[in-house]
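Okay, entry.txt now, which holds compact mmCIF, C-alpha atoms:
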```txt
# COMPACT_ATOMS: atom_id res chain seq x y z
CA MET P 1 116.12 55.53 65.41
CA ASP P 2 112.44 56.13 65.43
CA GLU P 3 110.90 59.19 66.98
CA ARG P 4 109.82 57.37 70.11
CA GLU P 5 113.36 56.38 70.82
CA VAL P 6 114.67 59.89 70.22
CA MET P 7 112.07 61.28 72.60
CA GLY P 8 113.13 58.68 75.15
CA ILE P 9 116.72 59.81 74.86
CA ILE P 10 115.76 63.44 75.29
CA GLU P 11 113.64 62.56 78.31
CA SER P 12 116.56 60.82 79.99
CA ILE P 13 118.85 63.76 79.28
CA LEU P 14 116.33 66.13 80.82
CA PHE P 15 116.11 63.86 83.84
CA VAL P 16 119.86 63.66 84.39
CA SER P 17 120.31 67.38 83.85
CA GLY P 18 117.63 68.61 86.23
CA ASP P 19 118.46 72.11 85.01
CA PRO P 20 117.07 73.47 81.74
CA VAL P 21 118.77 71.91 78.69
CA SER P 22 119.24 74.06 75.63
CA VAL P 23 117.95 73.02 72.24
CA LYS P 24 121.51 73.43 70.99
CA ASP P 25 122.87 70.88 73.44
CA ILE P 26 120.14 68.37 72.63
CA GLY P 27 120.88 68.81 68.95
CA LYS P 28 124.56 68.22 69.57
CA VAL P 29 123.93 64.96 71.39
CA LEU P 30 121.53 63.65 68.77
CA GLY P 31 123.31 65.09 65.76
CA MET P 32 120.14 66.90 64.85
CA ASP P 33 119.35 70.27 63.40
CA VAL P 34 118.26 72.82 66.03
CA ARG P 35 115.01 73.56 64.25
CA LYS P 36 114.16 69.89 64.15
CA VAL P 37 114.88 69.60 67.86
CA ARG P 38 112.58 72.51 68.60
CA LYS P 39 109.77 70.89 66.66
CA LEU P 40 110.32 67.59 68.41
CA MET P 41 110.39 69.30 71.80
CA GLU P 42 107.06 71.00 71.15
CA LYS P 43 105.67 67.61 70.26
CA MET P 44 107.07 66.14 73.48
CA VAL P 45 105.56 68.95 75.54
CA ASP P 46 102.19 68.26 73.94
CA THR P 47 102.49 64.51 74.44
CA PHE P 48 103.33 64.93 78.11
CA ASN P 49 100.35 67.22 78.53
CA PHE P 50 97.98 65.09 76.48
CA GLU P 51 98.85 61.94 78.36
CA ARG P 52 98.51 63.86 81.64
CA ARG P 53 101.90 62.63 82.75
CA GLY P 54 103.02 63.37 86.29
CA LEU P 55 105.85 65.45 84.96
CA GLN P 56 105.64 68.21 82.44
CA ILE P 57 108.26 69.63 80.16
CA ILE P 58 108.51 73.37 80.48
CA ARG P 59 110.17 75.71 78.06
CA VAL P 60 112.25 78.65 79.22
CA ASN P 61 113.41 80.64 76.21
CA ASP P 62 115.30 78.08 74.12
CA SER P 63 115.73 75.46 76.85
CA TYR P 64 113.59 72.69 78.26
CA GLN P 65 113.27 71.26 81.73
CA LEU P 66 111.35 68.54 83.53
CA ALA P 67 109.07 69.79 86.30
CA THR P 68 106.15 68.67 88.39
CA ARG P 69 102.67 69.94 87.65
CA PRO P 70 101.23 72.68 89.82
CA GLU P 71 97.91 70.80 89.98
CA PHE P 72 99.62 67.98 91.87
CA SER P 73 101.29 70.28 94.38
CA GLU P 74 98.67 69.55 97.01
CA TYR P 75 99.74 65.90 97.13
CA ILE P 76 103.42 66.68 96.87
CA GLU P 77 103.11 68.95 99.87
CA LYS P 78 101.19 66.28 101.72
CA TYR P 79 104.19 64.07 101.17
CA ILE P 80 107.01 66.51 101.93
CA GLY P 81 105.15 68.41 104.62
CA PRO P 82 103.94 71.99 104.62
CA ARG P 83 106.11 74.27 102.58
CA GLN P 84 107.26 77.62 103.81
CA LYS P 85 105.82 80.12 101.39
CA GLN P 86 108.10 82.97 100.59
CA THR P 87 106.20 85.50 98.63
CA LEU P 88 107.48 88.78 97.32
CA SER P 89 106.45 92.00 99.01
CA GLN P 90 104.16 94.42 97.22
CA ALA P 91 107.08 96.80 96.65
CA ALA P 92 109.20 94.02 95.13
CA LEU P 93 106.35 92.82 92.92
CA GLU P 94 105.60 96.31 91.61
CA THR P 95 109.27 96.85 90.86
CA LEU P 96 109.47 93.48 89.15
CA SER P 97 106.38 94.26 87.03
CA ILE P 98 107.92 97.49 85.82
CA ILE P 99 111.19 95.79 84.95
CA ALA P 100 109.43 92.92 83.17
CA TYR P 101 107.51 95.23 80.87
CA ARG P 102 109.98 98.04 80.47
CA GLN P 103 113.37 96.31 80.41
CA PRO P 104 116.07 97.36 80.08
CA ILE P 105 115.35 100.09 82.59
CA THR P 106 117.32 102.16 85.10
CA ARG P 107 116.53 102.50 88.77
CA MET P 108 115.68 106.15 88.29
CA ASP P 109 113.04 105.35 85.70
CA ILE P 110 111.51 102.70 87.96
CA GLU P 111 111.41 105.16 90.82
CA ALA P 112 109.80 107.78 88.60
CA ILE P 113 106.97 105.37 87.85
CA ARG P 114 106.47 104.17 91.41
CA GLY P 115 107.07 107.53 93.04
CA VAL P 116 109.18 105.95 95.77
CA LYS P 117 112.69 104.67 96.23
CA CYS P 118 113.27 101.13 94.98
CA GLU P 119 116.79 100.31 96.10
CA TYR P 120 115.71 97.75 98.67
CA ALA P 121 113.26 96.06 96.33
CA LEU P 122 115.96 95.86 93.64
CA ASN P 123 118.34 94.23 96.11
CA ILE P 124 115.77 91.63 97.10
CA LEU P 125 114.97 90.85 93.46
CA SER P 126 118.65 90.53 92.57
CA GLU P 127 119.27 88.32 95.57
CA LYS P 128 116.46 86.04 94.49
CA GLY P 129 117.91 85.92 91.00
CA LEU P 130 114.78 87.32 89.38
CA ILE P 131 116.50 90.34 87.86
CA LYS P 132 120.01 91.08 86.73
CA GLU P 133 122.17 93.86 85.42
CA VAL P 134 121.90 93.74 81.64
CA GLY P 135 124.08 96.70 80.80
CA ARG P 136 124.69 100.35 81.42
CA LEU P 137 122.86 103.30 80.00
CA ASP P 138 124.99 105.57 77.86
CA ALA P 139 124.27 108.61 79.98
CA PRO P 140 126.06 110.56 82.72
CA GLY P 141 126.93 108.22 85.58
CA ARG P 142 126.37 105.25 83.31
CA PRO P 143 123.45 103.95 85.39
CA ILE P 144 122.77 100.22 85.60
CA LEU P 145 120.09 98.81 83.32
CA TYR P 146 117.98 96.05 84.83
CA GLY P 147 116.27 93.14 83.10
CA THR P 148 114.56 89.93 84.14
CA THR P 149 116.26 86.52 84.24
CA ASP P 150 115.28 83.03 83.10
CA LYS P 151 114.52 82.32 86.73
CA PHE P 152 111.88 85.05 86.59
CA LEU P 153 110.24 83.31 83.62
CA LYS P 154 110.32 79.97 85.41
CA SER P 155 109.06 81.32 88.73
CA PHE P 156 106.04 82.87 87.09
CA GLY P 157 105.38 80.13 84.56
CA PHE P 158 106.33 81.99 81.39
CA SER P 159 108.17 80.43 78.47
CA SER P 160 109.49 83.72 77.21
CA LEU P 161 108.88 87.42 77.66
CA LYS P 162 106.44 87.25 74.77
CA ASP P 163 104.11 85.37 77.12
CA LEU P 164 103.62 88.42 79.29
CA PRO P 165 100.00 89.44 78.78
CA GLU P 166 98.97 92.67 77.12
CA ILE P 167 97.76 95.19 79.63
CA ASP P 168 94.03 95.66 79.59
CA GLN P 169 93.49 99.43 79.48
CA GLU P 170 89.87 99.08 80.57
CA GLU P 171 90.83 97.50 83.84
CA ILE P 172 93.12 100.38 84.66
CA VAL P 173 90.82 103.34 84.09
CA MET R 1 107.11 109.22 125.37
CA ALA R 2 106.42 109.64 121.73
CA TYR R 3 106.70 106.54 119.64
CA SER R 4 106.60 106.40 115.90
CA VAL R 5 104.83 103.76 113.87
CA LYS R 6 105.59 103.24 110.26
CA LEU R 7 102.60 102.13 108.26
CA ASP R 8 103.53 100.66 104.97
CA ASN R 9 100.14 99.88 103.61
CA PHE R 10 100.71 102.49 100.95
CA GLU R 11 103.53 101.98 98.55
CA GLY R 12 104.09 105.69 98.22
CA PRO R 13 102.12 108.83 97.36
CA LEU R 14 100.81 107.49 94.05
CA ASP R 15 99.46 104.45 95.80
CA LEU R 16 97.73 106.64 98.37
CA LEU R 17 96.24 108.80 95.65
CA LEU R 18 94.93 105.77 93.79
CA HIS R 19 93.37 104.58 97.02
CA LEU R 20 91.63 107.92 97.55
CA ILE R 21 90.44 107.95 93.94
CA SER R 22 89.02 104.44 94.12
CA LYS R 23 87.33 105.31 97.41
CA SER R 24 85.45 108.16 95.79
CA ARG R 25 84.58 105.87 92.87
CA ILE R 26 85.77 108.11 90.09
CA LYS R 27 87.93 107.55 87.08
CA ILE R 28 91.48 108.75 87.24
CA GLU R 29 90.85 111.24 84.43
CA ASP R 30 87.94 112.77 86.28
CA ILE R 31 89.72 113.59 89.50
CA SER R 32 88.99 116.90 91.03
CA ILE R 33 92.23 118.33 92.25
CA GLU R 34 90.52 120.36 94.97
CA GLU R 35 88.88 117.33 96.49
CA ILE R 36 91.78 114.98 96.16
CA THR R 37 94.20 117.53 97.57
CA GLU R 38 92.00 118.00 100.59
CA GLN R 39 91.72 114.28 101.20
CA TYR R 40 95.40 113.78 100.64
CA LEU R 41 96.37 116.49 103.11
CA ASP R 42 93.81 115.13 105.55
CA TYR R 43 95.49 111.80 105.42
CA LEU R 44 98.93 113.27 106.02
CA GLU R 45 97.46 115.23 108.94
CA LYS R 46 96.15 112.00 110.43
CA MET R 47 99.51 110.36 109.98
CA LYS R 48 101.13 113.24 111.80
CA LYS R 49 98.63 112.98 114.63
CA PHE R 50 99.54 109.35 115.14
CA ASP R 51 103.18 110.24 114.98
CA ILE R 52 103.65 108.22 111.86
CA GLU R 53 106.80 109.02 110.01
CA ILE R 54 105.93 110.72 106.75
CA ALA R 55 108.32 109.90 103.98
CA SER R 56 109.60 112.84 101.97
CA GLU R 57 107.95 111.51 98.82
CA PHE R 58 104.54 112.14 100.38
CA LEU R 59 105.45 115.74 101.06
CA VAL R 60 106.68 116.26 97.52
CA MET R 61 103.34 114.99 96.24
CA ALA R 62 101.50 117.32 98.63
CA ALA R 63 103.46 120.22 97.19
CA THR R 64 102.66 119.10 93.65
CA LEU R 65 98.95 118.89 94.44
CA ILE R 66 98.90 122.34 95.99
CA TYR R 67 100.80 123.69 93.02
CA ILE R 68 98.25 122.26 90.58
CA LYS R 69 95.43 123.62 92.69
CA SER R 70 96.91 127.10 92.89
CA ARG R 71 97.51 127.09 89.16
CA SER R 72 93.89 126.34 88.46
CA LEU R 73 92.87 129.30 90.61
CA LEU R 74 94.91 131.76 88.62
CA PRO R 75 93.20 133.41 85.70
CA ARG R 76 94.19 131.80 82.46
CA SER R 77 95.39 133.66 79.47
CA SER R 78 92.68 133.27 76.87
CA GLU R 79 94.93 132.35 74.02
CA PRO R 80 96.16 128.80 73.93
CA VAL R 81 99.43 128.81 75.74
CA GLU R 82 102.47 128.02 73.70
CA ASP R 83 103.30 126.16 76.83
CA GLU R 84 106.64 124.44 76.92
CA GLU R 85 105.58 121.78 79.33
CA LEU R 86 102.66 119.49 79.89
CA ASP R 87 99.83 120.71 82.08
CA PRO R 88 100.79 119.44 85.57
CA LYS R 89 97.34 117.99 86.13
CA GLN R 90 97.56 116.01 82.91
CA GLU R 91 101.01 114.94 83.91
CA LEU R 92 99.76 113.69 87.27
CA ILE R 93 96.93 111.79 85.59
CA LEU R 94 99.43 110.17 83.25
CA ARG R 95 101.64 109.18 86.14
CA LEU R 96 98.70 107.73 88.04
CA THR R 97 97.51 105.71 85.05
CA GLU R 98 101.00 104.46 84.40
CA TYR R 99 101.48 103.46 88.03
CA LYS R 100 98.08 101.79 88.17
CA LYS R 101 99.04 99.75 85.13
CA TYR R 102 101.94 98.18 87.00
CA LYS R 103 99.85 97.71 90.11
CA VAL R 104 97.41 95.64 88.05
CA ILE R 105 100.29 93.63 86.61
CA SER R 106 101.76 93.06 90.05
CA GLU R 107 98.45 91.58 91.22
CA TYR R 108 98.49 89.30 88.21
CA LEU R 109 102.09 88.29 88.93
CA ARG R 110 101.22 87.60 92.55
CA LYS R 111 98.63 85.03 91.49
CA ARG R 112 101.07 83.39 89.12
CA GLU R 113 103.79 83.37 91.76
CA GLU R 114 101.50 81.41 94.04
CA ILE R 115 100.68 78.82 91.38
CA TYR R 116 104.17 78.36 90.01
CA SER R 117 105.98 78.34 93.32
CA ALA R 118 104.37 74.93 93.75
CA VAL R 119 106.21 73.52 90.73
CA TYR R 120 109.18 71.39 91.68
CA TYR R 121 112.36 70.58 89.81
CA LYS R 122 115.01 67.98 90.26
CA LEU R 123 118.58 68.77 91.20
CA PRO R 124 121.16 67.86 88.58
CA GLU R 125 122.79 64.47 88.95
CA GLU R 126 126.18 64.76 90.54
CA ILE R 127 128.36 63.10 88.00
CA VAL R 128 132.07 63.70 87.84
CA THR R 129 132.98 63.90 84.19
CA GLU R 130 136.41 63.57 82.71
CA GLU R 131 136.66 67.12 81.56
CA ASP R 132 135.78 69.50 84.28
CA PRO R 133 133.97 72.51 82.87
CA ASP R 134 135.43 74.87 85.44
CA GLY R 135 138.98 73.80 84.65
CA LEU R 136 139.30 73.14 88.35
CA SER R 137 140.69 69.66 88.31
CA ILE R 138 141.34 67.76 91.47
CA GLU R 139 144.32 65.54 91.09
CA GLY R 140 144.12 62.72 93.55
CA THR R 141 141.71 60.12 94.67
CA SER R 142 139.74 59.31 97.75
CA GLU R 143 142.37 56.68 98.53
CA GLN R 144 145.03 59.35 98.74
CA LEU R 145 142.85 61.32 101.08
CA LEU R 146 142.35 58.20 103.18
CA LYS R 147 146.08 57.56 103.21
CA ALA R 148 146.79 61.02 104.48
CA LEU R 149 144.26 60.51 107.25
CA LEU R 150 145.66 57.12 108.15
CA LYS R 151 149.13 58.56 108.24
CA LEU R 152 148.08 61.03 110.90
CA LEU R 153 146.09 58.45 112.81
CA SER R 154 148.86 55.86 112.72
CA LYS R 155 151.26 58.46 113.97
CA ARG R 156 149.09 58.96 116.96
CA GLN R 157 148.76 55.25 117.52
CA LEU R 158 152.50 54.86 117.23
CA VAL R 159 152.94 57.55 119.78
CA GLU R 160 150.44 55.95 122.12
CA ASN R 161 152.24 52.64 121.80
CA LYS R 162 155.51 54.34 122.46
CA ASN R 163 154.12 55.87 125.58
CA GLU R 164 153.03 52.50 126.85
CA LYS R 165 156.37 50.88 126.23
CA THR R 166 158.50 53.64 127.59
CA TYR R 167 158.32 55.33 130.94
CA GLY R 168 155.10 56.27 132.49
CA ILE R 169 156.24 59.81 133.10
CA LYS R 170 153.99 62.33 131.47
CA LYS R 171 155.61 65.09 129.52
CA ASP R 172 154.76 68.54 130.63
CA SER R 173 152.55 69.96 127.96
CA ILE R 174 153.67 73.27 126.66
CA SER R 175 151.76 76.36 125.72
CA VAL R 176 151.07 77.48 122.16
CA ASN R 177 153.35 80.45 122.67
CA GLN R 178 156.18 78.24 123.84
CA ARG R 179 155.67 76.02 120.86
CA ILE R 180 155.71 79.01 118.52
CA ARG R 181 159.10 79.98 119.94
CA GLN R 182 160.35 76.45 119.36
CA LEU R 183 159.05 76.46 115.82
CA GLU R 184 160.57 79.85 115.16
CA PHE R 185 163.88 78.37 116.11
CA LEU R 186 163.35 75.43 113.77
CA PHE R 187 162.49 77.74 110.89
CA TRP R 188 165.48 79.86 111.71
CA GLU R 189 167.67 76.79 111.30
CA LYS R 190 165.96 75.64 108.12
CA GLU R 191 163.72 77.80 105.96
CA GLU R 192 161.36 75.06 104.80
CA TRP R 193 159.73 72.22 106.71
CA ASN R 194 157.42 69.43 105.75
CA PHE R 195 154.16 69.75 107.67
CA TYR R 196 154.40 66.22 109.06
CA ASP R 197 158.02 66.64 110.19
CA LEU R 198 156.99 69.41 112.53
CA PHE R 199 155.00 66.84 114.47
CA SER R 200 157.86 64.41 114.83
CA ASP R 201 158.50 65.41 118.41
CA SER R 202 154.86 65.67 119.36
CA TYR R 203 154.21 62.67 121.54
CA THR R 204 150.75 63.25 122.90
CA LYS R 205 147.43 64.40 121.60
CA THR R 206 147.94 67.70 123.36
CA ASP R 207 151.34 68.13 121.73
CA ILE R 208 149.83 67.60 118.29
CA ILE R 209 147.07 70.08 118.98
CA VAL R 210 149.46 72.65 120.42
CA THR R 211 151.80 72.29 117.45
CA PHE R 212 148.91 72.61 115.04
CA LEU R 213 147.60 75.72 116.79
CA ALA R 214 151.09 77.17 116.80
CA ILE R 215 151.37 76.65 113.04
CA LEU R 216 147.97 78.25 112.46
CA GLU R 217 148.95 81.20 114.62
CA MET R 218 152.19 81.67 112.71
CA LEU R 219 150.38 81.46 109.39
CA LYS R 220 147.92 84.05 110.59
CA ASN R 221 150.73 86.36 111.60
CA ASN R 222 152.33 85.91 108.20
CA ASP R 223 155.45 84.42 109.76
CA LEU R 224 154.95 81.34 107.63
CA GLU R 225 153.44 80.46 104.32
CA ALA R 226 152.02 77.10 103.34
CA TYR R 227 151.88 75.54 99.91
CA GLN R 228 151.41 72.24 98.18
CA LYS R 229 153.03 71.15 94.95
CA ASN R 230 150.00 69.05 94.10
CA PRO R 231 146.67 68.46 95.78
CA PHE R 232 147.08 65.86 98.56
CA ASP R 233 150.84 66.30 98.52
CA ASP R 234 152.47 66.98 101.83
CA ILE R 235 152.06 70.55 102.92
CA ILE R 236 155.29 72.52 102.89
CA LEU R 237 155.73 75.39 105.31
CA ARG R 238 158.18 78.13 104.56
CA ARG R 239 159.45 81.00 106.66
CA ARG R 240 158.47 84.42 105.44
CA ASP R 241 160.95 87.17 105.93
CA SER R 242 159.16 89.90 107.77
CA SER R 243 161.46 92.47 106.23
CA ASN R 244 160.24 91.45 102.79
CA GLY R 245 156.64 91.61 103.96
```
Translate the structure described by the file into structure tokens.
Amino acid sequence: MDEREVMGIIESILFVSGDPVSVKDIGKVLGMDVRKVRKLMEKMVDTFNFERRGLQIIRVNDSYQLATRPEFSEYIEKYIGPRQKQTLSQAALETLSIIAYRQPITRMDIEAIRGVKCEYALNILSEKGLIKEVGRLDAPGRPILYGTTDKFLKSFGFSSLKDLPEIDQEEIV
Amino acid sequence: MAYSVKLDNFEGPLDLLLHLISKSRIKIEDISIEEITEQYLDYLEKMKKFDIEIASEFLVMAATLIYIKSRSLLPRSSEPVEDEELDPKQELILRLTEYKKYKVISEYLRKREEIYSAVYYKLPEEIVTEEDPDGLSIEGTSEQLLKALLKLLSKRQLVENKNEKTYGIKKDSISVNQRIRQLEFLFWEKEEWNFYDLFSDSYTKTDIIVTFLAILEMLKNNDLEAYQKNPFDDIILRRRDSSNG
């Protein structure tokens, strides 16, 4: 099989799956080493971008998924009709920011930073699947530790947590 | 009548402080506690005037500010304090900087949310594979489901035909409660009944419905229990002994 064919196979798997497909699963299907799959996937991502294809391949941690391009959204929405935009509240976004950068973190620590209660915001974020319980702190009461999910990465266009930008100190002061 | 309005344009006392600081165009480090305390208390005063509910967090911050202010008024011991804790003003500045950091990030995330919420994905293909990952296997086919439906429908048809051929006298329909009593008698005679057999003396649509409702009622009251040996098998109803719970 030449590379083109392998890429074609991967593309069809991504299409059928709809959901993100892990590098491990692709490797299993193709009988290929995981590292080789990763390399090939990066090449596919580049090819899709270079050829300005209508679909892009996005990476979420160690999985890949087919998705439309945000720059075409205007036309997609023209076709499907106006979309109801559900944006997060300021409280939820602030809470999410703290969790993204400081995970794993307890509710008390989040509240200490924000200076207000965050229970409601945490509920909303959990409901939307953007955060999850990642463990318990080994302290009295064993408080829940929160972390972000793959859905968080996808919803904000990150491939992994490493993509979160450094915070510009200048902008803050 | 007093009415209260809850303004949520400030996400808490730190947010309000940051707003006051940015309004006076100073850096966080350079805040003057006297000024900021005055402005902060002014704001709370205004909120009170408009009958706006003041969250306890705002009051705690007011207390902190007044504490820092009063501390600065007290004469300081000349020697460097072997102070156990951080200077409360420094601590407040640290908290404000830290909070501001996440406010900046949240603005950044808001922009990204808007862009990436317009990315669309495809739903997975619905393919029934041989091995079900959930281990929840459904034994039976759509034909079996169809058969079960036809069985019920044909029963009704049969009954309708019967009605036509026999006398034109309509049976008095009975109430659900009456039917429950009849069924109780049946289950007293025999502990287990096939679901379909219970309909064998239901001649009209109403009879079928009444019998069905009676069965549901009895199940709800825990007089009966229902089970199936296999999916799409006939449902078996069994009497539950109330004494056994």
**OP:** Enumerate as a VMD selection string the residues belonging to chain P that approach chain R to within 8 Å, with only C-alpha atoms taken into account.
**Re:** chain P and resid 15 to 19 66 to 70 73 87 to 88 90 to 91 93 to 94 96 to 98 113 to 116 154 to 157 167 169 172 to 173
Original post:
In Å, how far is it from atom CA of Glu189 of chain R to atom CA of Arg238 of chain R?
Top reply: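 So the two atoms, atom CA of Glu189 of chain R and atom CA of Arg238 of chain R, lie 11.7 Å apart.
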**OP:** Have a look at P:Pro165, P:Phe72, P:Gly8, P:Met1 and name the one nearest to Arg53 of chain P; count only C-alpha atoms.
**Re:** P:Phe72
Original post:
Do you know which residues are at most 12 Å from Leu44 of chain R counting all atoms listed in the file, after dropping those on the same chain fewer than 2 positions away, and could you put them as a PyMOL selection string?
Top reply: chain R and resi 7+13+16-17+37-42+46-62
